[in-house]
Every structure is written in structure tokens, then in C-alpha cells.
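**Student:** TSV, C-alpha atoms and all ligand atoms, saved as run_6.tsv, coming up:
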```tsv
chain	number	residue	atom	x	y	z
A	45	GLY	CA	86.20	109.87	125.90
A	46	LYS	CA	83.50	112.02	124.50
A	47	TYR	CA	83.66	110.60	120.99
A	48	ARG	CA	83.41	106.98	119.91
A	49	VAL	CA	85.71	106.00	117.05
A	50	VAL	CA	85.61	102.52	115.60
A	51	SER	CA	88.36	100.78	113.65
A	52	THR	CA	87.17	97.76	111.69
A	53	LYS	CA	90.61	96.16	112.03
A	54	PRO	CA	93.54	96.24	114.42
A	55	MET	CA	96.13	98.51	112.76
A	56	PRO	CA	99.93	98.68	113.15
A	57	GLY	CA	101.60	100.91	115.73
A	58	THR	CA	100.17	102.77	118.70
A	59	ARG	CA	100.45	106.36	117.51
A	60	TRP	CA	97.05	106.35	115.85
A	61	ILE	CA	95.35	105.10	119.03
A	62	ASN	CA	97.19	107.57	121.25
A	63	LEU	CA	96.30	110.48	118.98
A	64	LEU	CA	92.63	109.61	119.27
A	65	ILE	CA	92.69	108.97	123.01
A	66	GLU	CA	94.53	112.23	123.69
A	67	GLN	CA	91.79	114.05	121.81
A	68	ASP	CA	88.89	112.78	123.85
A	69	CYS	CA	88.00	109.70	121.80
A	70	ARG	CA	87.16	106.20	122.93
A	71	VAL	CA	88.64	103.77	120.44
A	72	GLU	CA	86.96	100.50	119.71
A	73	ILE	CA	88.82	97.99	117.57
A	74	CYS	CA	86.95	95.11	115.97
A	75	THR	CA	88.52	91.82	117.00
A	76	GLN	CA	86.46	89.48	114.82
A	77	LYS	CA	88.57	86.66	113.44
A	78	LYS	CA	87.19	86.73	109.91
A	79	THR	CA	89.34	88.65	107.45
A	80	ILE	CA	86.64	90.45	105.49
A	81	LEU	CA	83.76	92.02	107.41
A	82	SER	CA	80.31	92.10	105.85
A	83	VAL	CA	78.09	95.17	105.74
A	84	GLU	CA	76.03	93.62	108.56
A	85	ASP	CA	79.14	93.08	110.70
A	86	ILE	CA	80.04	96.74	110.31
A	87	ILE	CA	76.52	98.01	110.99
A	88	ALA	CA	76.63	96.07	114.28
A	89	LEU	CA	80.01	97.60	115.02
A	90	ILE	CA	78.73	101.12	114.36
A	91	GLY	CA	75.86	100.55	116.79
A	92	ASP	CA	73.75	103.43	118.15
A	93	LYS	CA	76.47	105.97	118.71
A	94	CYS	CA	79.57	106.32	116.60
A	95	ASP	CA	81.34	109.53	115.63
A	96	GLY	CA	83.78	108.15	113.12
A	97	VAL	CA	85.02	104.95	111.53
A	98	ILE	CA	88.38	103.85	110.16
A	99	GLY	CA	87.70	101.17	107.55
A	100	GLN	CA	89.56	98.95	105.11
A	101	LEU	CA	89.64	98.57	101.34
A	102	THR	CA	88.05	95.10	101.62
A	103	GLU	CA	84.81	96.67	102.88
A	104	ASP	CA	81.90	97.94	100.84
A	105	TRP	CA	81.35	101.52	102.01
A	106	GLY	CA	78.10	102.45	100.30
A	107	GLU	CA	74.60	103.64	101.02
A	108	ALA	CA	73.94	101.05	103.76
A	109	LEU	CA	77.00	101.87	105.86
A	110	PHE	CA	76.93	105.63	105.46
A	111	SER	CA	73.26	105.79	106.41
A	112	ALA	CA	73.99	103.61	109.46
A	113	LEU	CA	76.88	105.85	110.42
A	114	ARG	CA	74.68	108.91	110.01
A	115	ARG	CA	71.96	107.40	112.24
A	116	ALA	CA	74.64	106.79	114.88
A	117	GLY	CA	75.59	110.48	114.73
A	118	GLY	CA	78.79	109.89	112.77
A	119	THR	CA	80.32	112.45	110.44
A	120	ALA	CA	83.69	110.93	109.55
A	121	PHE	CA	85.03	107.94	107.67
A	122	SER	CA	88.56	107.22	106.57
A	123	ASN	CA	89.74	104.40	104.37
A	124	MET	CA	93.10	103.04	105.48
A	125	ALA	CA	94.23	103.12	101.84
A	126	VAL	CA	95.01	105.61	99.13
A	127	GLY	CA	92.59	103.87	96.75
A	128	TYR	CA	88.92	104.42	97.53
A	129	ASN	CA	87.10	102.50	94.82
A	130	ASN	CA	85.40	100.62	97.72
A	131	VAL	CA	83.88	103.91	98.90
A	132	ASP	CA	80.79	105.51	97.41
A	133	VAL	CA	81.79	109.13	98.03
A	134	LYS	CA	78.44	110.39	96.70
A	135	ALA	CA	76.57	108.29	99.25
A	136	ALA	CA	78.86	109.59	101.99
A	137	ASN	CA	78.16	113.19	100.94
A	138	LYS	CA	74.44	112.49	100.89
A	139	TYR	CA	74.56	111.44	104.55
A	140	GLY	CA	76.89	114.24	105.57
A	141	VAL	CA	79.85	111.95	106.18
A	142	ALA	CA	83.27	113.25	105.16
A	143	VAL	CA	85.66	110.76	103.56
A	144	GLY	CA	89.41	110.51	103.92
A	145	ASN	CA	92.13	108.36	102.39
A	146	THR	CA	95.83	107.91	103.11
A	147	PRO	CA	98.01	109.14	100.24
A	148	GLY	CA	101.64	110.17	100.49
A	149	VAL	CA	102.88	107.76	103.15
A	150	LEU	CA	102.66	104.76	100.83
A	151	THR	CA	104.09	106.27	97.67
A	152	GLU	CA	107.66	104.96	97.90
A	153	THR	CA	106.73	101.68	99.58
A	154	THR	CA	104.30	100.87	96.78
A	155	ALA	CA	106.71	101.99	94.07
A	156	GLU	CA	109.40	99.80	95.65
A	157	LEU	CA	107.15	96.75	95.38
A	158	ALA	CA	106.40	97.55	91.73
A	159	ALA	CA	110.17	97.79	91.19
A	160	SER	CA	110.68	94.49	93.06
A	161	LEU	CA	108.12	92.74	90.86
A	162	SER	CA	109.71	94.24	87.74
A	163	LEU	CA	113.13	92.93	88.72
A	164	SER	CA	111.81	89.59	89.93
A	165	ALA	CA	110.03	89.08	86.62
A	166	ALA	CA	113.01	90.24	84.56
A	167	ARG	CA	115.39	87.93	86.39
A	168	ARG	CA	112.93	85.09	87.03
A	169	ILE	CA	113.69	85.10	90.73
A	170	VAL	CA	110.65	83.18	91.91
A	171	GLU	CA	111.07	80.40	89.34
A	172	ALA	CA	114.75	80.15	90.20
A	173	ASP	CA	114.00	79.98	93.92
A	174	GLU	CA	111.49	77.17	93.36
A	175	PHE	CA	114.04	75.31	91.23
A	176	MET	CA	116.66	75.62	93.95
A	177	ARG	CA	114.37	74.45	96.74
A	178	ALA	CA	113.18	71.52	94.63
A	179	GLY	CA	116.79	70.29	94.61
A	180	LEU	CA	117.05	70.63	90.82
A	181	TYR	CA	120.26	72.65	90.73
A	182	ASP	CA	123.06	70.35	89.63
A	183	GLY	CA	125.60	72.90	88.47
A	184	TRP	CA	126.08	76.23	86.66
A	185	LEU	CA	125.00	76.35	83.04
A	186	PRO	CA	125.25	79.17	80.48
A	187	HIS	CA	121.52	79.08	79.77
A	188	LEU	CA	120.12	78.57	83.27
A	189	PHE	CA	117.35	81.10	84.05
A	190	VAL	CA	118.44	83.64	81.53
A	191	GLY	CA	116.29	86.77	81.83
A	192	ASN	CA	116.25	90.38	80.62
A	193	LEU	CA	118.75	93.17	81.17
A	194	LEU	CA	116.80	96.28	82.13
A	195	LYS	CA	119.57	98.78	81.40
A	196	GLY	CA	118.89	100.52	78.11
A	197	GLN	CA	115.39	99.04	77.85
A	198	THR	CA	112.25	101.16	78.07
A	199	VAL	CA	110.04	101.35	81.11
A	200	GLY	CA	106.42	102.29	80.43
A	201	VAL	CA	104.33	103.88	83.14
A	202	ILE	CA	100.57	104.11	82.77
A	203	GLY	CA	99.32	106.62	85.32
A	204	ALA	CA	102.11	108.95	86.43
A	205	GLY	CA	100.68	110.22	89.71
A	206	ARG	CA	102.57	110.02	92.97
A	207	ILE	CA	103.22	106.28	92.85
A	208	GLY	CA	103.73	105.97	89.10
A	209	SER	CA	106.21	108.85	89.13
A	210	ALA	CA	108.15	107.42	92.09
A	211	TYR	CA	108.36	104.07	90.29
A	212	ALA	CA	109.49	105.77	87.08
A	213	ARG	CA	112.29	107.60	88.92
A	214	MET	CA	113.45	104.36	90.56
A	215	MET	CA	113.62	102.48	87.27
A	216	VAL	CA	115.24	105.33	85.34
A	217	GLU	CA	117.89	106.20	87.90
A	218	GLY	CA	118.33	102.75	89.41
A	219	PHE	CA	118.59	100.84	86.15
A	220	LYS	CA	119.21	103.47	83.49
A	221	MET	CA	116.01	102.67	81.66
A	222	ASN	CA	114.44	104.98	79.11
A	223	LEU	CA	110.99	106.25	80.06
A	224	ILE	CA	107.71	106.46	78.25
A	225	TYR	CA	104.67	107.47	80.25
A	226	TYR	CA	101.00	107.97	79.64
A	227	ASP	CA	98.80	110.14	81.80
A	228	LEU	CA	96.05	112.67	81.18
A	229	TYR	CA	98.16	115.12	83.18
A	230	GLN	CA	101.70	116.11	82.38
A	231	SER	CA	104.14	115.16	85.14
A	232	THR	CA	106.56	118.09	84.95
A	233	ARG	CA	108.46	117.01	88.08
A	234	LEU	CA	109.11	113.62	86.55
A	235	GLU	CA	110.12	115.12	83.21
A	236	LYS	CA	112.50	117.52	84.96
A	237	PHE	CA	114.01	114.68	86.92
A	238	VAL	CA	114.68	112.51	83.88
A	239	THR	CA	116.01	115.47	81.90
A	240	ALA	CA	118.44	116.35	84.70
A	241	TYR	CA	119.52	112.73	85.05
A	242	ALA	CA	120.12	112.46	81.30
A	243	GLU	CA	122.27	115.61	81.50
A	244	PHE	CA	124.22	114.07	84.34
A	245	LEU	CA	124.88	110.86	82.37
A	246	LYS	CA	126.00	112.89	79.38
A	247	SER	CA	128.38	114.89	81.56
A	248	THR	CA	130.06	111.67	82.68
A	249	GLY	CA	130.38	110.38	79.14
A	250	GLU	CA	127.61	107.80	79.49
A	251	LYS	CA	124.75	107.30	77.11
A	252	PRO	CA	121.90	109.50	78.38
A	253	VAL	CA	118.49	108.03	79.12
A	254	THR	CA	115.56	109.29	77.05
A	255	TRP	CA	111.99	110.05	77.94
A	256	LYS	CA	108.69	110.93	76.35
A	257	ARG	CA	105.12	111.52	77.32
A	258	ALA	CA	103.05	109.28	75.06
A	259	ALA	CA	100.12	110.73	73.14
A	260	SER	CA	98.19	107.49	73.64
A	261	MET	CA	98.33	104.43	75.85
A	262	ASP	CA	98.94	102.33	72.73
A	263	GLU	CA	102.29	104.01	72.24
A	264	VAL	CA	103.37	102.78	75.68
A	265	LEU	CA	102.05	99.28	75.01
A	266	ARG	CA	103.94	99.05	71.72
A	267	GLU	CA	107.24	100.55	72.84
A	268	ALA	CA	107.85	99.57	76.46
A	269	ASP	CA	109.72	96.49	77.62
A	270	VAL	CA	108.44	96.79	81.18
A	271	ILE	CA	104.99	98.28	81.79
A	272	SER	CA	103.72	99.22	85.23
A	273	LEU	CA	100.11	100.17	85.88
A	274	HIS	CA	99.37	103.03	88.30
A	275	PRO	CA	95.96	104.46	87.42
A	276	VAL	CA	93.06	104.86	89.80
A	277	LEU	CA	90.30	102.30	89.27
A	278	ASP	CA	87.14	103.81	87.85
A	279	LYS	CA	84.83	103.19	84.90
A	280	THR	CA	87.44	104.51	82.47
A	281	THR	CA	90.21	102.18	83.66
A	282	PHE	CA	88.19	98.99	84.21
A	283	HIS	CA	89.78	96.29	81.98
A	284	LEU	CA	92.18	98.83	80.53
A	285	ILE	CA	94.38	95.81	79.91
A	286	ASN	CA	92.36	93.28	77.94
A	287	LYS	CA	92.79	90.79	75.08
A	288	GLU	CA	93.23	93.55	72.55
A	289	THR	CA	95.59	95.81	74.50
A	290	LEU	CA	97.65	92.78	75.57
A	291	SER	CA	98.10	91.85	71.92
A	292	ARG	CA	99.80	95.20	71.25
A	293	MET	CA	102.53	94.61	73.82
A	294	LYS	CA	105.87	93.08	72.93
A	295	LYS	CA	105.87	89.29	73.12
A	296	GLU	CA	108.59	89.45	75.76
A	297	ALA	CA	107.25	92.38	77.73
A	298	ILE	CA	106.88	92.46	81.49
A	299	LEU	CA	103.61	93.75	82.95
A	300	VAL	CA	103.33	94.83	86.59
A	301	ASN	CA	100.17	95.76	88.48
A	302	CYS	CA	100.21	97.28	91.97
A	303	SER	CA	97.09	99.40	91.43
A	304	ARG	CA	93.73	97.59	91.43
A	305	GLY	CA	92.93	94.15	90.05
A	306	PRO	CA	90.02	95.08	87.77
A	307	VAL	CA	92.32	97.31	85.71
A	308	ILE	CA	93.30	94.00	84.06
A	309	ASP	CA	90.91	91.51	82.45
A	310	GLU	CA	92.46	88.61	84.34
A	311	VAL	CA	90.88	85.86	82.22
A	312	ALA	CA	92.37	87.45	79.09
A	313	LEU	CA	95.69	87.77	80.90
A	314	VAL	CA	95.80	84.05	81.75
A	315	GLU	CA	95.17	83.23	78.05
A	316	HIS	CA	97.91	85.65	77.03
A	317	LEU	CA	100.37	84.13	79.50
A	318	LYS	CA	99.60	80.65	78.12
A	319	GLU	CA	100.10	81.73	74.51
A	320	ASN	CA	103.21	83.81	75.19
A	321	PRO	CA	105.60	81.97	77.49
A	322	MET	CA	108.16	84.79	77.26
A	323	PHE	CA	105.62	87.38	78.45
A	324	ARG	CA	105.92	87.84	82.20
A	325	VAL	CA	103.72	89.45	84.77
A	326	GLY	CA	104.06	90.58	88.40
A	327	LEU	CA	100.75	91.04	90.20
A	328	ASP	CA	100.02	92.46	93.62
A	329	VAL	CA	96.28	92.83	93.01
A	330	PHE	CA	93.59	90.64	91.46
A	331	GLU	CA	90.29	91.15	89.76
A	332	ASP	CA	88.32	89.20	92.33
A	333	GLU	CA	90.36	89.33	95.53
A	334	PRO	CA	91.17	87.20	97.39
A	335	TYR	CA	90.70	84.80	94.45
A	336	MET	CA	92.76	84.33	91.32
A	337	LYS	CA	91.17	83.49	87.99
A	338	PRO	CA	91.53	79.80	87.03
A	339	GLY	CA	94.93	78.89	85.66
A	340	LEU	CA	96.82	81.94	86.91
A	341	ALA	CA	98.43	80.11	89.84
A	342	ASP	CA	99.85	77.49	87.43
A	343	MET	CA	101.65	79.96	85.22
A	344	LYS	CA	105.43	79.94	85.58
A	345	ASN	CA	105.58	83.34	83.88
A	346	ALA	CA	103.47	84.98	86.59
A	347	ILE	CA	104.58	86.22	89.99
A	348	VAL	CA	101.70	86.73	92.40
A	349	VAL	CA	101.76	88.37	95.83
A	350	PRO	CA	98.80	89.11	98.14
A	351	HIS	CA	98.18	92.89	97.87
A	352	ILE	CA	101.23	93.84	99.92
A	353	ALA	CA	102.48	96.87	97.99
A	354	SER	CA	102.04	99.26	100.93
A	355	ALA	CA	103.22	96.69	103.48
A	356	SER	CA	106.26	98.27	105.08
A	357	LYS	CA	106.17	98.93	108.82
A	358	TRP	CA	106.73	102.68	108.42
A	359	THR	CA	104.05	103.02	105.79
A	360	ARG	CA	101.40	100.95	107.51
A	361	GLU	CA	101.90	102.90	110.75
A	362	GLY	CA	101.72	106.09	108.72
A	363	MET	CA	98.50	104.98	107.01
A	364	ALA	CA	96.92	104.19	110.38
A	365	THR	CA	98.02	107.57	111.76
A	366	LEU	CA	96.74	109.44	108.74
A	367	ALA	CA	93.40	107.60	108.87
A	368	ALA	CA	93.06	108.52	112.56
A	369	LEU	CA	93.95	112.15	111.80
A	370	ASN	CA	91.34	112.22	109.05
A	371	VAL	CA	88.60	111.07	111.39
A	372	LEU	CA	89.81	113.27	114.21
A	373	GLY	CA	90.06	116.25	111.88
A	374	LYS	CA	86.43	116.05	110.94
A	375	ILE	CA	85.20	115.33	114.48
A	376	LYS	CA	87.15	118.21	116.04
A	377	GLY	CA	87.00	120.59	113.10
A	378	TYR	CA	90.76	120.74	112.46
A	379	PRO	CA	92.04	121.42	108.97
A	380	VAL	CA	93.87	118.13	108.54
A	381	TRP	CA	91.52	116.48	106.16
A	382	SER	CA	92.89	114.27	103.42
A	383	ASP	CA	90.00	114.47	101.03
A	384	PRO	CA	90.41	112.14	98.05
A	385	ASN	CA	88.53	114.58	95.83
A	386	ARG	CA	91.28	117.14	96.07
A	387	VAL	CA	92.91	117.63	92.72
A	388	GLU	CA	96.30	118.90	93.83
A	389	PRO	CA	98.80	116.33	95.07
A	390	PHE	CA	98.49	115.70	98.76
A	391	LEU	CA	101.63	116.78	100.58
A	392	ASN	CA	102.33	114.46	103.44
A	393	GLU	CA	104.80	116.86	105.00
A	394	ASN	CA	101.91	119.21	105.70
A	395	VAL	CA	100.10	116.76	107.89
A	396	ARG	CA	100.52	117.54	111.54
A	397	PRO	CA	98.67	116.22	114.54
A	398	PRO	CA	96.10	118.71	115.70
A	399	ALA	CA	97.48	121.20	118.22
A	401	LIG	C1	96.19	99.89	98.93
A	401	LIG	O1	95.89	99.16	98.02
A	401	LIG	C2	95.83	101.26	98.97
A	401	LIG	O2	95.05	101.72	98.12
A	401	LIG	O3	96.31	101.95	99.87
A	402	LIG	C1	98.21	107.67	93.78
A	402	LIG	O1	98.60	107.83	94.92
A	402	LIG	C2	99.07	107.72	92.60
A	402	LIG	O2	100.25	107.82	92.81
A	402	LIG	O3	98.62	107.65	91.47
```
What's the C-alpha cells form of this structure?
Ligand code: GLV
Ligand code: GLV
**Tutor:**
Amino acid sequence: GKYRVVSTKPMPGTRWINLLIEQDCRVEICTQKKTILSVEDIIALIGDKCDGVIGQLTEDWGEALFSALRRAGGTAFSNMAVGYNNVDVKAANKYGVAVGNTPGVLTETTAELAASLSLSAARRIVEADEFMRAGLYDGWLPHLFVGNLLKGQTVGVIGAGRIGSAYARMMVEGFKMNLIYYDLYQSTRLEKFVTAYAEFLKSTGEKPVTWKRAASMDEVLREADVISLHPVLDKTTFHLINKETLSRMKKEAILVNCSRGPVIDEVALVEHLKENPMFRVGLDVFEDEPYMKPGLADMKNAIVVPHIASASKWTREGMATLAALNVLGKIKGYPVWSDPNRVEPFLNENVRPPA
């Protein structure tokens, strides 16, 4: 191969490797045992000649790495993630390195996990499972693990982009929840969907679902029974959920986060969970991964999973393929670049392997 492409982790499937090999690339996959590579580890991996790198969201892609990649002749980097808060895009631009991410292929998978956490919290599935395995079940009782009925309740979505909208559709259609969403941008597709679904329910004689776009985030916090967070992480969304915003939510609300940990002030959340035993939370991401803030792991009203929202086989293979196409696109000059700075929604259907 003429080009050297490095992947900082083994990735699922073989399609991504084959795509690169077929297009004149040598692929080098880091086999280090440690889970999170340091900047120094990655600089060593980049070495003297490297045309492109596929990296992970656990890595700090800033000045040091982009300058090292530049020195090695590299022009391409792709995160194997839709989120790119670990990437300093300005630094990449400065060193002439193009940046890609992997939207589209993880939309439904991630929304499905947010839905799973919503249901698990509403029906206390994890607590009930622990109870069962502990041998505590000694017969049916009318009050055993009573939870919330979602039907007719209101789902609140903060950030109605691809993932937030997919989640909203699942909860509205799957469970006949009313929708309130907050986003700087209007989601006309989502609004059309809910409107059409409400019409359908009416036509069958059922109570139609309702929807509204909130004028402020507070409106969502006050009115929703289940709130799911789907913003990007940046300065404006850091600790969006904090002591004060938590206090505006219903005492028995469910909060779900499959976006980025720092969107929630996790210390304030632990306090809130302690003071409000009926408040429940489902978390896929944490402020200081891989750690949890003290006390969180002891809370019965919290469900915690290790950042697995995009972890379906199809999606992870798709993410790897898209990351490879991003790097390949830049190296070979094909127009297949998934640039995270693009404003319009990325259409996965338009991605094709280079001819
Ligand atoms: C995962 O968290 C991603 O951003 O793809
Ligand atoms: C990002 O992919 C989003 O759906 O907001």
C-alpha cells in the first residue's frame, strides 16, 4: 500500500479494512492492551509517516496530535463517533488535517438505548432484576415494583437533532406519549410526524397525542414526565442540567442521558437522587468517564450503563466503515467526507464507497 492508515483501536467488521486495502492503503491497528491511549501512545503510533488516523472518543485530539500527524505527512483524521467534543477542529484546520465523524449510522441504535433506559427506569427493571436474583421474591403483591405508565404522559426532548428526533418518534408512536421538545432549530419532520400520528389516532377514535415546541428549556423541565437529553456538548450545554434546573423538574420525573456526561452536573444529580427517591435516571454517559461521581453507584433510582448507546453490531460496523471512508475520502480526494461542521443533516444513504 502506498498510504499508511492507523486505527487506534481494533474495530468491528472487516469491511472498513477491506475498503482501505483495496484503495492502496496499509492498515495498522494498535493492539495495546490498555483501554485509553495517551497522547504519547498515539504520537508513537503515528510515527514518521502516516496519511490518516481513525481515532476514538476517549482520545484527546488537540494541538499535539494534529501537529504530529502533520509532521508525518497526514491530512486526514476521523473520529469513530458522531460526537467530536474530544477533537479540537480548529487545531486540525491549523495543521491542514481534515476531520470526519460518523453520524447517521448510529441514530436509531442510540435512540433505542435512550428508549430502553426510559422504559427500564419507568418500570424499575434493574431493581426488580436485582431483587429476583437476590432470592427476595416470595410471591406476587399488588404493590411490588410499581412504576409509571408512559401512555398519556409527556416525553420531553432536549436537542431534537437526528437522535433526539428518532427517540421522540419512538416514544410518541410506541407508547402514545405527548411530546414537548426544545431545540434552537425547528424540527419540521418531527412535527409533521407527530401531527400525522395524532390524525391517525383521531381517525380510529383514540385520544390523539399532542405536541409542542417549547419556547424555553424550562418549559420542558416543568412539563415533561420523561426527559431525554440529546444536545451536542459544548460551552453552552456544559452542566445544562444542574442543581437549579433539576429543581424545576417534576419530583417523579425520569431523566435519560445518552449524549455526553458533562451535560449533567453529576454531583448535583447524586444529591437530587438522594433527596428525591421517586426521581429516576438512566445514564449511558458520565461526567468523568470511566468514573462515576461518589454515591451514584449506590442509588437505587439510577440505572447506569457504560457508554453503549451506539453498541449494536450493525451500527458499530457502520461507524468503522464510515470512519474509513472519511479518511480514504480525504487521502484520495473523493467527495465522501462527513465533515462535522456541515450544518445540514448528514444523509447516510448518500455515502457510497469510492468508485
Ligand atoms: C458516541 O458516543 C458517539 O458520539 O458516537
Ligand atoms: C446528532 O447526531 C443528533 O442527533 O443530535
**Student:** Which residues are close to stretch 198-214 of chain A, i.e. within 6 Å by only C-alpha atoms, leaving aside same-chain residues fewer than 6 positions away? Reply as a list in words.
**Tutor:**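 In the requested format, the answer is Thr151, Ala155, Met221, Asn222, Leu223, Ile224, Tyr225, Tyr226, Asp227, Val264, Ala268, Asp269, Val270, Ile271, Ser272, Leu273, His274 and Pro275 of chain A.
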**Student:** Mind giving me the straight-line distance from atom CA of A:Gly196 to atom CA of A:Glu217 in Å, one decimal?
**Tutor:**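 These atoms are spaced 11.4 Å apart.
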**Student:** Find the spatial neighbours of stretch 102-107 of chain A, counting only C-alpha atoms, within a cut-off of 7 Å - ignore same-chain residues fewer than 6 positions away - and output them as a list in words.
**Tutor:**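 Counting only the stated atoms, we get Ile80, Leu81, Val83, Asn130, Val131, Asp132 and Ala135 of chain A.
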**Student:** Please produce an output containing C-alpha atoms for each residue in the selection, written as an mmCIF file, in the coordinates of the input.
**Tutor:**
```cif
data_model
loop_
_atom_site.group_PDB
_atom_site.id
_atom_site.type_symbol
_atom_site.label_atom_id
_atom_site.label_comp_id
_atom_site.auth_asym_id
_atom_site.auth_seq_id
_atom_site.Cartn_x
_atom_site.Cartn_y
_atom_site.Cartn_z
ATOM 1 C CA ILE A 80 86.640 90.450 105.490
ATOM 2 C CA LEU A 81 83.760 92.020 107.410
ATOM 3 C CA VAL A 83 78.090 95.170 105.740
ATOM 4 C CA ASN A 130 85.400 100.620 97.720
ATOM 5 C CA VAL A 131 83.880 103.910 98.900
ATOM 6 C CA ASP A 132 80.790 105.510 97.410
ATOM 7 C CA ALA A 135 76.570 108.290 99.250
#
```
**Student:** Counting all atoms listed in the file, which protein, DNA or RNA residues come within 12 Å of ligand LIG 401 (chain A), given as number ranges by chain?
**Tutor:** A: 99-102, 122-131, 144-155, 157, 207, 274-277, 301-305, 328-330, 333, 350-356, 359-360, 362-364, 366-367, 384
**Student:** Counting all atoms listed in the file, figure out which residue out of A:Phe244, A:Trp184, A:Tyr229, A:Trp255 gets nearest to ligand LIG 402 (chain A).
**Tutor:** A:Tyr229
**Student:** Which residues of stretch 323-388 of chain A come within 10 Å of stretch 63-72 of chain A, and for each one, what is the closest pair of atoms and their distance in Å to one decimal, counting only C-alpha atoms, sorted by chain and residue number, as a tab-separated table?
**Tutor:**
```
residue	atom	partner	partner_atom	distance
A:Thr365	CA	A:Leu63	CA	8.0
A:Ala368	CA	A:Leu64	CA	6.8
A:Leu369	CA	A:Leu63	CA	7.7
A:Val371	CA	A:Leu64	CA	9.0
A:Leu372	CA	A:Leu64	CA	6.9
A:Ile375	CA	A:Cys69	CA	9.6
A:Lys376	CA	A:Gln67	CA	8.5
```
**Student:** Measuring between only C-alpha atoms and all ligand atoms, which one of A:Gln197, A:Glu319, A:Leu228, A:Gly339 shows the shortest distance to ligand LIG 402 (chain A)?
**Tutor:**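 Once distances to ligand LIG 402 (chain A) are computed over only C-alpha atoms and all ligand atoms, the minimum belongs to A:Leu228.
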**Student:** List the spatial neighbours of A:Ile73 as an NGL selection string - criterion: any atom at most 9 Å away, only C-alpha atoms, same-chain residues fewer than 2 positions off excluded.
**Tutor:** :A and (49-55 or 71 or 75)
**Student:** Considering only C-alpha atoms, state which residue in the set A:Ile347, A:Leu109, A:Ala242, A:Ala178 is at the smallest distance from A:Leu163.
**Tutor:**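 Closest to A:Leu163, using only C-alpha atoms: A:Ile347.
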**Student:** For the atom pair atom CA of A:Asn345 and atom O3 of ligand LIG 402 (chain A), what is the interatomic distance in Å to one decimal place?
**Tutor:** 26.4 Å
**Student:** Nearest to A:Gly326 among A:Ala166, A:Tyr139, A:Val348, A:Ile90, with distances taken over all atoms listed in the file: which residue is it?
**Tutor:**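 Nearest to A:Gly326: A:Val348.
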